[in-house]
Each structure stands twice: as C-alpha cells, then as structure tokens.
file work12.pdb (PDB, C-alpha atoms and all ligand atoms)
MODEL        1
ATOM      1  CA  MET A   1     -45.126 -36.703 -67.695
ATOM      2  CA  LYS A   2     -44.211 -36.305 -71.383
ATOM      3  CA  HIS A   3     -41.256 -34.010 -71.861
ATOM      4  CA  ILE A   4     -41.061 -31.510 -74.708
ATOM      5  CA  VAL A   5     -37.585 -30.256 -75.639
ATOM      6  CA  ILE A   6     -37.504 -27.140 -77.836
ATOM      7  CA  LEU A   7     -34.488 -26.236 -79.988
ATOM      8  CA  ILE A   8     -33.933 -22.598 -80.986
ATOM      9  CA  SER A   9     -31.275 -20.452 -82.635
ATOM     10  CA  GLY A  10     -32.569 -16.904 -82.160
ATOM     11  CA  THR A  11     -35.551 -14.894 -80.981
ATOM     12  CA  GLY A  12     -37.579 -17.883 -79.933
ATOM     13  CA  SER A  13     -40.995 -16.323 -80.503
ATOM     14  CA  ASN A  14     -42.434 -19.692 -81.577
ATOM     15  CA  MET A  15     -40.930 -21.286 -78.472
ATOM     16  CA  ALA A  16     -42.526 -18.540 -76.346
ATOM     17  CA  ALA A  17     -45.891 -19.132 -78.044
ATOM     18  CA  ILE A  18     -45.654 -22.848 -77.227
ATOM     19  CA  VAL A  19     -44.696 -22.123 -73.623
ATOM     20  CA  ARG A  20     -47.616 -19.688 -73.281
ATOM     21  CA  ALA A  21     -50.066 -22.193 -74.788
ATOM     22  CA  ALA A  22     -48.816 -24.941 -72.468
ATOM     23  CA  GLU A  23     -49.460 -22.655 -69.529
ATOM     24  CA  ARG A  24     -52.779 -21.221 -70.722
ATOM     25  CA  GLU A  25     -54.213 -24.587 -71.763
ATOM     26  CA  ASP A  26     -52.727 -26.456 -68.805
ATOM     27  CA  TRP A  27     -50.970 -29.079 -70.892
ATOM     28  CA  ALA A  28     -49.639 -30.657 -67.692
ATOM     29  CA  ALA A  29     -53.130 -31.571 -66.512
ATOM     30  CA  ARG A  30     -54.830 -31.981 -69.896
ATOM     31  CA  LEU A  31     -52.085 -33.689 -71.894
ATOM     32  CA  GLY A  32     -49.663 -34.846 -69.224
ATOM     33  CA  ALA A  33     -46.954 -32.851 -70.984
ATOM     34  CA  ARG A  34     -44.605 -30.019 -70.152
ATOM     35  CA  VAL A  35     -41.799 -28.060 -71.758
ATOM     36  CA  ALA A  36     -38.768 -29.563 -70.029
ATOM     37  CA  ALA A  37     -35.949 -27.638 -71.687
ATOM     38  CA  VAL A  38     -34.984 -25.103 -74.325
ATOM     39  CA  ILE A  39     -31.665 -25.711 -76.061
ATOM     40  CA  SER A  40     -29.880 -23.260 -78.372
ATOM     41  CA  ASN A  41     -26.929 -23.741 -80.697
ATOM     42  CA  ARG A  42     -26.113 -20.043 -80.221
ATOM     43  CA  PRO A  43     -25.126 -18.699 -76.798
ATOM     44  CA  ASP A  44     -26.543 -15.256 -77.695
ATOM     45  CA  ALA A  45     -30.017 -16.504 -78.726
ATOM     46  CA  ARG A  46     -32.554 -14.083 -77.277
ATOM     47  CA  GLY A  47     -34.987 -16.923 -76.623
ATOM     48  CA  LEU A  48     -32.728 -18.359 -73.912
ATOM     49  CA  GLN A  49     -33.551 -15.445 -71.625
ATOM     50  CA  THR A  50     -37.252 -15.679 -72.449
ATOM     51  CA  ALA A  51     -37.210 -19.355 -71.478
ATOM     52  CA  GLN A  52     -35.308 -18.678 -68.259
ATOM     53  CA  GLU A  53     -37.819 -15.998 -67.313
ATOM     54  CA  ALA A  54     -40.551 -18.601 -67.798
ATOM     55  CA  GLY A  55     -38.712 -20.899 -65.379
ATOM     56  CA  ILE A  56     -37.622 -23.403 -68.020
ATOM     57  CA  ALA A  57     -34.242 -25.136 -67.989
ATOM     58  CA  THR A  58     -31.943 -23.933 -70.776
ATOM     59  CA  ALA A  59     -28.730 -25.188 -72.309
ATOM     60  CA  VAL A  60     -26.371 -24.161 -75.090
ATOM     61  CA  VAL A  61     -24.702 -26.607 -77.476
ATOM     62  CA  ASP A  62     -22.569 -24.252 -79.562
ATOM     63  CA  HIS A  63     -21.978 -25.640 -83.058
ATOM     64  CA  ARG A  64     -18.787 -23.565 -83.334
ATOM     65  CA  GLN A  65     -17.272 -25.533 -80.448
ATOM     66  CA  HIS A  66     -17.515 -28.814 -82.361
ATOM     67  CA  ALA A  67     -15.168 -30.036 -85.073
ATOM     68  CA  ASP A  68     -17.862 -31.188 -87.485
ATOM     69  CA  ARG A  69     -21.577 -31.776 -87.889
ATOM     70  CA  ALA A  70     -21.389 -35.313 -86.490
ATOM     71  CA  ALA A  71     -19.666 -34.137 -83.302
ATOM     72  CA  PHE A  72     -22.165 -31.316 -82.866
ATOM     73  CA  ASP A  73     -25.127 -33.643 -83.415
ATOM     74  CA  ALA A  74     -23.737 -36.137 -80.874
ATOM     75  CA  ALA A  75     -23.367 -33.400 -78.250
ATOM     76  CA  LEU A  76     -26.825 -32.047 -79.014
ATOM     77  CA  ARG A  77     -28.354 -35.492 -78.816
ATOM     78  CA  ALA A  78     -26.755 -36.106 -75.421
ATOM     79  CA  GLU A  79     -28.127 -32.815 -74.099
ATOM     80  CA  ILE A  80     -31.625 -33.509 -75.457
ATOM     81  CA  ASP A  81     -31.708 -37.101 -74.178
ATOM     82  CA  ARG A  82     -30.983 -36.005 -70.607
ATOM     83  CA  HIS A  83     -34.650 -34.954 -70.656
ATOM     84  CA  GLN A  84     -35.997 -38.202 -72.180
ATOM     85  CA  PRO A  85     -38.225 -36.283 -74.564
ATOM     86  CA  ALA A  86     -41.528 -37.497 -75.952
ATOM     87  CA  LEU A  87     -41.262 -34.710 -78.519
ATOM     88  CA  VAL A  88     -38.400 -32.615 -79.911
ATOM     89  CA  VAL A  89     -39.610 -29.307 -81.329
ATOM     90  CA  LEU A  90     -37.479 -27.310 -83.768
ATOM     91  CA  ALA A  91     -38.511 -23.664 -83.426
ATOM     92  CA  GLY A  92     -36.344 -21.436 -85.572
ATOM     93  CA  PHE A  93     -33.477 -23.897 -85.177
ATOM     94  CA  MET A  94     -31.170 -23.033 -88.050
ATOM     95  CA  ARG A  95     -28.897 -26.074 -88.289
ATOM     96  CA  ILE A  96     -29.180 -28.967 -90.692
ATOM     97  CA  LEU A  97     -29.252 -32.252 -88.767
ATOM     98  CA  THR A  98     -27.519 -35.490 -89.756
ATOM     99  CA  PRO A  99     -29.670 -38.446 -90.911
ATOM    100  CA  GLY A 100     -28.517 -40.414 -87.847
ATOM    101  CA  PHE A 101     -29.748 -37.672 -85.534
ATOM    102  CA  VAL A 102     -33.121 -37.499 -87.282
ATOM    103  CA  ALA A 103     -33.476 -41.306 -87.236
ATOM    104  CA  HIS A 104     -32.852 -41.349 -83.478
ATOM    105  CA  TYR A 105     -35.930 -39.139 -82.996
ATOM    106  CA  ALA A 106     -38.025 -40.646 -85.803
ATOM    107  CA  GLY A 107     -41.709 -39.889 -85.285
ATOM    108  CA  ARG A 108     -41.061 -37.569 -82.345
ATOM    109  CA  ILE A 109     -39.390 -34.548 -83.950
ATOM    110  CA  VAL A 110     -41.242 -31.694 -85.652
ATOM    111  CA  ASN A 111     -40.349 -28.398 -87.305
ATOM    112  CA  ILE A 112     -42.029 -25.201 -88.402
ATOM    113  CA  HIS A 113     -41.026 -23.802 -91.763
ATOM    114  CA  PRO A 114     -41.995 -20.338 -93.034
ATOM    115  CA  SER A 115     -43.515 -21.354 -96.366
ATOM    116  CA  LEU A 116     -46.372 -23.435 -97.706
ATOM    117  CA  LEU A 117     -44.382 -26.622 -98.227
ATOM    118  CA  PRO A 118     -43.636 -28.282-100.554
ATOM    119  CA  ALA A 119     -43.057 -24.784-102.005
ATOM    120  CA  PHE A 120     -39.828 -23.097-100.981
ATOM    121  CA  PRO A 121     -37.896 -25.469 -98.749
ATOM    122  CA  GLY A 122     -34.628 -23.950 -97.504
ATOM    123  CA  LEU A 123     -33.835 -20.308 -96.818
ATOM    124  CA  HIS A 124     -35.151 -16.866 -97.892
ATOM    125  CA  THR A 125     -38.683 -18.223 -98.268
ATOM    126  CA  HIS A 126     -40.468 -14.857 -98.087
ATOM    127  CA  GLN A 127     -38.311 -13.134-100.695
ATOM    128  CA  ARG A 128     -38.675 -16.152-102.974
ATOM    129  CA  ALA A 129     -42.478 -16.072-102.597
ATOM    130  CA  ILE A 130     -42.508 -12.343-103.472
ATOM    131  CA  ASP A 131     -40.149 -12.853-106.428
ATOM    132  CA  MET A 132     -42.407 -15.615-107.796
ATOM    133  CA  ARG A 133     -45.428 -13.265-107.478
ATOM    134  CA  CYS A 134     -47.189 -15.735-105.162
ATOM    135  CA  ARG A 135     -50.639 -14.539-104.084
ATOM    136  CA  VAL A 136     -50.491 -16.528-100.869
ATOM    137  CA  ALA A 137     -47.676 -17.460 -98.540
ATOM    138  CA  GLY A 138     -47.683 -19.130 -95.146
ATOM    139  CA  ALA A 139     -46.131 -21.597 -92.771
ATOM    140  CA  THR A 140     -46.024 -25.371 -92.359
ATOM    141  CA  VAL A 141     -45.612 -27.615 -89.329
ATOM    142  CA  HIS A 142     -44.156 -30.931 -90.428
ATOM    143  CA  GLN A 143     -42.511 -34.112 -89.242
ATOM    144  CA  VAL A 144     -38.730 -33.959 -89.569
ATOM    145  CA  THR A 145     -37.136 -36.498 -91.880
ATOM    146  CA  ALA A 146     -33.620 -36.802 -93.264
ATOM    147  CA  GLU A 147     -34.569 -34.735 -96.301
ATOM    148  CA  LEU A 148     -34.654 -31.032 -95.413
ATOM    149  CA  ASP A 149     -38.193 -29.569 -95.058
ATOM    150  CA  HIS A 150     -39.836 -32.668 -96.582
ATOM    151  CA  GLY A 151     -41.603 -34.599 -93.789
ATOM    152  CA  ALA A 152     -45.353 -35.228 -93.591
ATOM    153  CA  ILE A 153     -47.373 -32.064 -93.086
ATOM    154  CA  LEU A 154     -49.167 -31.671 -89.748
ATOM    155  CA  ALA A 155     -50.572 -28.140 -90.100
ATOM    156  CA  GLN A 156     -50.483 -25.158 -92.419
ATOM    157  CA  ALA A 157     -51.675 -21.571 -92.398
ATOM    158  CA  ALA A 158     -51.921 -19.269 -95.400
ATOM    159  CA  VAL A 159     -51.747 -15.465 -95.516
ATOM    160  CA  PRO A 160     -52.115 -13.130 -98.503
ATOM    161  CA  VAL A 161     -49.067 -11.588-100.130
ATOM    162  CA  LEU A 162     -50.030  -7.911-100.368
ATOM    163  CA  PRO A 163     -48.903  -5.325-102.901
ATOM    164  CA  GLY A 164     -45.794  -3.578-101.609
ATOM    165  CA  ASP A 165     -44.855  -6.443 -99.277
ATOM    166  CA  THR A 166     -41.186  -6.826 -98.429
ATOM    167  CA  ALA A 167     -39.660 -10.012 -97.066
ATOM    168  CA  ASP A 168     -39.910  -8.421 -93.613
ATOM    169  CA  THR A 169     -43.572  -7.399 -93.771
ATOM    170  CA  LEU A 170     -44.528 -10.789 -95.176
ATOM    171  CA  ALA A 171     -42.419 -12.596 -92.552
ATOM    172  CA  ALA A 172     -44.202 -10.699 -89.778
ATOM    173  CA  ARG A 173     -47.627 -11.632 -91.186
ATOM    174  CA  VAL A 174     -46.626 -15.279 -91.473
ATOM    175  CA  LEU A 175     -45.091 -15.317 -87.987
ATOM    176  CA  THR A 176     -48.377 -14.351 -86.312
ATOM    177  CA  GLN A 177     -49.897 -17.464 -87.901
ATOM    178  CA  GLU A 178     -46.929 -19.624 -86.868
ATOM    179  CA  HIS A 179     -47.648 -18.695 -83.262
ATOM    180  CA  LEU A 180     -51.176 -20.084 -83.648
ATOM    181  CA  ILE A 181     -50.608 -23.271 -85.623
ATOM    182  CA  TYR A 182     -47.457 -24.559 -83.918
ATOM    183  CA  PRO A 183     -48.818 -24.869 -80.355
ATOM    184  CA  ARG A 184     -52.065 -26.301 -81.753
ATOM    185  CA  ALA A 185     -50.258 -28.936 -83.836
ATOM    186  CA  ILE A 186     -48.086 -29.927 -80.885
ATOM    187  CA  ALA A 187     -51.086 -30.260 -78.557
ATOM    188  CA  GLU A 188     -52.794 -32.409 -81.163
ATOM    189  CA  LEU A 189     -49.755 -34.684 -81.506
ATOM    190  CA  LEU A 190     -49.423 -35.049 -77.745
ATOM    191  CA  SER A 191     -53.095 -35.852 -77.340
ATOM    192  CA  LYS A 192     -52.730 -38.724 -79.819
ATOM    193  CA  GLY A 193     -50.118 -40.490 -77.838
TER
HETATM  194  C1  LIG A 201     -39.689 -18.605 -87.880
HETATM  195  O1  LIG A 201     -40.294 -17.834 -88.887
HETATM  196  C2  LIG A 201     -39.512 -20.039 -88.343
HETATM  197  O2  LIG A 201     -40.557 -20.493 -89.166
HETATM  198  C3  LIG A 201     -38.235 -19.930 -89.126
HETATM  199  O3  LIG A 201     -37.416 -19.072 -88.375
HETATM  200  C4  LIG A 201     -38.236 -18.161 -87.644
HETATM  201  C5  LIG A 201     -37.843 -18.243 -86.198
HETATM  202  O4  LIG A 201     -38.494 -17.267 -85.429
HETATM  203  N1  LIG A 201     -37.633 -21.217 -89.305
HETATM  204  C6  LIG A 201     -36.875 -21.544 -90.336
HETATM  205  O5  LIG A 201     -36.583 -20.749 -91.223
HETATM  206  C7  LIG A 201     -36.382 -22.973 -90.336
HETATM  207  N2  LIG A 201     -35.676 -23.275 -91.518
HETATM  208  P1  LIG A 201     -38.545 -17.423 -83.849
HETATM  209  O6  LIG A 201     -37.108 -17.696 -83.357
HETATM  210  O7  LIG A 201     -39.024 -16.082 -83.375
HETATM  211  O8  LIG A 201     -39.466 -18.540 -83.500
ENDMDL
END

call {"tool": "encode", "arguments": {"input": "work12.pdb", "output": "structure tokens", "more": "lines below"}}
Ligand code: GAR
result
Amino acid sequence: MKHIVILISGTGSNMAAIVRAAEREDWAARLGARVAAVISNRPDARGLQTAQEAGIATAVVDHRQHADRAAFDAALRAEIDRHQPALVVLAGFMRILTPGFVAHYAGRIVNIHPSLLPAFPGLHTHQRAIDMRCRVAGATVHQVTAELDHGAILAQAAVPVLPGDTADTLAARVLTQEHLIYPRAIAELLSKG
C-alpha cells in the first residue's frame, strides 16, 4: 500500500477534500494508496481534529519548539518517514522547507498554491491579483523543488476576478477549485506509479 502523508498548518480543507476523494473513489482498491497520516506544524491547526474524526493518524511537529529551520526540518522528516510515504502532500503548509528536506523527497512531494503560477509565488496572492487588475486568478498544483513555488506544474484551475472582489471573496472562489484539482492531481500521480 502506498502511503500519503499530508502536511497542514491550519483549516485543512484541502486535506479534507483529499481524504473525502480517497474514500469516495476507493483509492485503496483502485490505486493501492491511502492517507496514512496528517502532520501539522501548529498544535492548534483545525485540520488535526478533522483528520482524527476521519480516523487518520495525526502528529504535531511544532516549529516553535525547534532552535532553527534545520532542526525543525529534521524532526519533521523523522515524523514523516515513520510512514514510509510514496507521496508527501503540502496542503496549506505554511513553512518554507530547507533544500535538503526537499531533496530527500524529490519527485514525491507536491504543493497547492493559490495563484496561477508562475504568477504570484509567495504570500498574499489574492490581494496581489486584485491590485494588478487580473481578470483571472486561480490555483496551481506543482512539484516541490528547492525554489519556493517553482516546481513543474501538475494541474491548474482558473476563476474570474469579479468586480468588487476582496481578497477573501476571491480566496473562497479559488478554494472551491483547489478542492477539485488537488485530489484529482494526486490520484493521477499515484496511478502513474
Ligand atoms: C489554500 O488556499 C492553499 O492553497 C494555501 O493555503 C490555503 C490553505 O487552506 N496555501 C498556501 O498559501 C501555500 N503557500 P486549507 O488549510 O483549508 O487547505
């Protein structure tokens, strides 16, 4: 069985969408894959409870309990590797990872980013899209490489930016698309190998 480990920092709605898709589409039987664990860098992440309610193992690796990024990444890597993952899924995981960490999972770590990459890597993507008067915005599923938000694109979805949109209204419209494209992209990756 291929193990999927999902990393979150907050609400975990993308994680929940992946868990629901895995259940609904019977990834265990069809893809030989299952969500083995959900790990958060924040003990108060709402998604931890959602995962527990779905019967998934959870763990916290609190970045504030580690002296520096390297120590945090080492602890996180140890926690992830307990599950021998075929795929590590960043789902609203708001920490920058060290190049060594990313290299360890090369080819088996993916992220979802709330913009149409390569536009707007980094933070505050929705406000930046509104400020630039973009007509479309969206989300991107991509391979994770050492350079932030720059790996090969696996899936994208576009939504219109509407008159009167705020960062929040646009974020909500984009998020509904994230919930569709992320599970689909993961299933596709798993089916390839
Ligand atoms: C999502 O919109 C995701 O694309 C974004 O955080 C949100 C998490 O929501 N990720 C990033 O900004 C990564 N840099 P969720 O916790 O409900 O899935």

call {"tool": "closest_residue", "arguments": {"input": "work12.pdb", "among": "A:Leu76, A:Leu117, A:Ile112, A:Leu48", "to": "Thr98 (chain A)", "atoms": "all atoms listed in the file"}}
result
A:Leu76

call {"tool": "atom_distance", "arguments": {"input": "work12.pdb", "atom1": "CA of Ile96 (chain A)", "atom2": "CA of His63 (chain A)"}}
result
11.0 Å

call {"tool": "residues_near_ligand", "arguments": {"input": "work12.pdb", "ligand": "ligand LIG 201 (chain A)", "cutoff": "7 Å", "atoms": "only C-alpha atoms and all ligand atoms", "output": "list of chain:residue names"}}
result
A:Ile8, A:Ser9, A:Gly10, A:Thr11, A:Gly12, A:Ser13, A:Asn14, A:Met15, A:Ala91, A:Gly92, A:Phe93, A:Met94, A:Ile112, A:His113, A:Pro114, A:Gly122, A:Leu123, A:Ala139, A:Ala171, A:Leu175, A:Glu178

call {"tool": "closest_residue", "arguments": {"input": "work12.pdb", "among": "A:Gln84, A:Asn111, A:Thr125, A:Gln65", "to": "Lys2 (chain A)", "atoms": "only C-alpha atoms"}}
result
A:Gln84

call {"tool": "resolve_selection", "arguments": {"input": "work12.pdb", "expression": "the PyMOL selection byres (((chain A and resi 182-187) around 8) and not hetatm)", "output": "JSON, numbers by chain"}}
result
{"A": [14, 17, 18, 21, 22, 27, 31, 112, 141, 154, 155, 178, 179, 180, 181, 188, 189, 190, 191]}

call {"tool": "atom_distance", "arguments": {"input": "work12.pdb", "atom1": "CA of Met132 (chain A)", "atom2": "CA of Pro118 (chain A)"}}
result
14.6 Å

call {"tool": "residues_around", "arguments": {"input": "work12.pdb", "residues": "Val159 (chain A)", "least_positions_apart": "4", "cutoff": "8 Å", "atoms": "all atoms listed in the file", "output": "number ranges by chain"}}
result
A: 136-138, 173-174

call {"tool": "atom_distance", "arguments": {"input": "work12.pdb", "atom1": "CA of Ala36 (chain A)", "atom2": "CA of Arg82 (chain A)"}}
result
10.1 Å

call {"tool": "resolve_selection", "arguments": {"input": "work12.pdb", "expression": "the PyMOL selection byres (((chain A and resi 103) around 12) and not hetatm)", "output": "count of residues only"}}
result
19

call {"tool": "resolve_selection", "arguments": {"input": "work12.pdb", "expression": "the PyMOL selection byres (((chain A and resi 1) around 9) and not hetatm)", "output": "ChimeraX atom specification"}}
result
/A:2-3,28,31-34

call {"tool": "axis_aligned_box", "arguments": {"input": "work12.pdb", "around": "region 175-183 of chain A", "padding_each_side": "4 Å", "output": "JSON"}}
result
{"center_x": -48.1, "center_y": -19.6, "center_z": -84.2, "size_x": 14.1, "size_y": 18.5, "size_z": 15.6}

call {"tool": "closest_residue", "arguments": {"input": "work12.pdb", "among": "A:Val110, A:Ala70, A:Val61, A:Ala172", "to": "Gly151 (chain A)", "atoms": "all atoms listed in the file"}}
result
A:Val110

call {"tool": "closest_residue", "arguments": {"input": "work12.pdb", "among": "A:Arg133, A:His83, A:Lys192, A:His142", "to": "Ala57 (chain A)", "atoms": "all atoms listed in the file"}}
result
A:His83

call {"tool": "closest_residue", "arguments": {"input": "work12.pdb", "among": "A:Glu53, A:Glu23, A:Asp131, A:Asp44", "to": "Thr166 (chain A)", "atoms": "all atoms listed in the file"}}
result
A:Asp131

call {"tool": "build_atoms", "arguments": {"input": "work12.pdb", "residues": "region 114-125 of chain A", "atoms": "all heavy atoms", "output": "short mmCIF file (atom, residue, chain, number, x, y, z; two decimals), in the frame of the given file"}}
result
data_model
loop_
_atom_site.label_atom_id
_atom_site.label_comp_id
_atom_site.auth_asym_id
_atom_site.auth_seq_id
_atom_site.Cartn_x
_atom_site.Cartn_y
_atom_site.Cartn_z
N PRO A 114 -41.21 -21.51 -92.62
CA PRO A 114 -42.00 -20.34 -93.03
C PRO A 114 -42.32 -20.30 -94.52
O PRO A 114 -42.01 -19.33 -95.23
CB PRO A 114 -41.09 -19.17 -92.62
CG PRO A 114 -39.71 -19.71 -92.74
CD PRO A 114 -39.80 -21.18 -92.39
N SER A 115 -42.95 -21.36 -95.01
CA SER A 115 -43.52 -21.35 -96.37
C SER A 115 -44.61 -22.41 -96.40
O SER A 115 -44.73 -23.22 -95.48
CB SER A 115 -42.46 -21.68 -97.43
OG SER A 115 -42.25 -23.09 -97.49
N LEU A 116 -45.37 -22.39 -97.50
CA LEU A 116 -46.37 -23.44 -97.71
C LEU A 116 -45.68 -24.60 -98.41
O LEU A 116 -45.69 -24.70 -99.63
CB LEU A 116 -47.54 -22.88 -98.55
CG LEU A 116 -48.42 -21.83 -97.83
CD1 LEU A 116 -49.40 -21.21 -98.80
CD2 LEU A 116 -49.14 -22.45 -96.64
N LEU A 117 -45.06 -25.46 -97.63
CA LEU A 117 -44.38 -26.62 -98.23
C LEU A 117 -45.40 -27.43 -99.02
O LEU A 117 -46.57 -27.48 -98.64
CB LEU A 117 -43.75 -27.48 -97.11
CG LEU A 117 -42.54 -26.85 -96.41
CD1 LEU A 117 -42.12 -27.71 -95.22
CD2 LEU A 117 -41.37 -26.65 -97.36
N PRO A 118 -45.02 -28.08 -100.12
CA PRO A 118 -43.64 -28.28 -100.55
C PRO A 118 -43.02 -27.11 -101.32
O PRO A 118 -41.92 -27.26 -101.84
CB PRO A 118 -43.74 -29.53 -101.45
CG PRO A 118 -45.13 -29.48 -101.99
CD PRO A 118 -45.97 -28.87 -100.91
N ALA A 119 -43.70 -25.95 -101.38
CA ALA A 119 -43.06 -24.78 -102.00
C ALA A 119 -41.98 -24.23 -101.08
O ALA A 119 -42.17 -24.17 -99.86
CB ALA A 119 -44.09 -23.70 -102.28
N PHE A 120 -40.89 -23.83 -101.66
CA PHE A 120 -39.83 -23.10 -100.98
C PHE A 120 -39.24 -23.76 -99.73
O PHE A 120 -39.28 -23.18 -98.64
CB PHE A 120 -40.30 -21.68 -100.61
CG PHE A 120 -40.89 -20.93 -101.77
CD1 PHE A 120 -42.16 -20.36 -101.67
CD2 PHE A 120 -40.20 -20.79 -102.96
CE1 PHE A 120 -42.72 -19.68 -102.74
CE2 PHE A 120 -40.74 -20.11 -104.04
CZ PHE A 120 -42.01 -19.56 -103.93
N PRO A 121 -38.73 -24.96 -99.85
CA PRO A 121 -37.90 -25.47 -98.75
C PRO A 121 -36.62 -24.61 -98.70
O PRO A 121 -36.32 -23.89 -99.66
CB PRO A 121 -37.57 -26.91 -99.18
CG PRO A 121 -37.75 -26.92 -100.67
CD PRO A 121 -38.78 -25.88 -101.00
N GLY A 122 -35.89 -24.69 -97.59
CA GLY A 122 -34.63 -23.95 -97.50
C GLY A 122 -34.81 -22.53 -96.99
O GLY A 122 -35.78 -22.24 -96.28
N LEU A 123 -33.91 -21.66 -97.40
CA LEU A 123 -33.84 -20.31 -96.82
C LEU A 123 -34.53 -19.26 -97.70
O LEU A 123 -34.92 -19.55 -98.82
CB LEU A 123 -32.37 -19.91 -96.61
CG LEU A 123 -31.58 -20.78 -95.61
CD1 LEU A 123 -30.11 -20.38 -95.57
CD2 LEU A 123 -32.20 -20.69 -94.21
N HIS A 124 -34.65 -18.05 -97.16
CA HIS A 124 -35.15 -16.87 -97.89
C HIS A 124 -36.54 -17.11 -98.50
O HIS A 124 -36.83 -16.69 -99.61
CB HIS A 124 -34.16 -16.45 -98.99
CG HIS A 124 -32.76 -16.33 -98.48
ND1 HIS A 124 -32.39 -15.45 -97.48
CD2 HIS A 124 -31.63 -17.02 -98.79
CE1 HIS A 124 -31.10 -15.59 -97.21
NE2 HIS A 124 -30.62 -16.54 -97.98
N THR A 125 -37.38 -17.80 -97.75
CA THR A 125 -38.68 -18.22 -98.27
C THR A 125 -39.57 -17.03 -98.65
O THR A 125 -40.26 -17.08 -99.66
CB THR A 125 -39.42 -19.06 -97.21
OG1 THR A 125 -39.45 -18.32 -95.99
CG2 THR A 125 -38.71 -20.39 -96.98
#
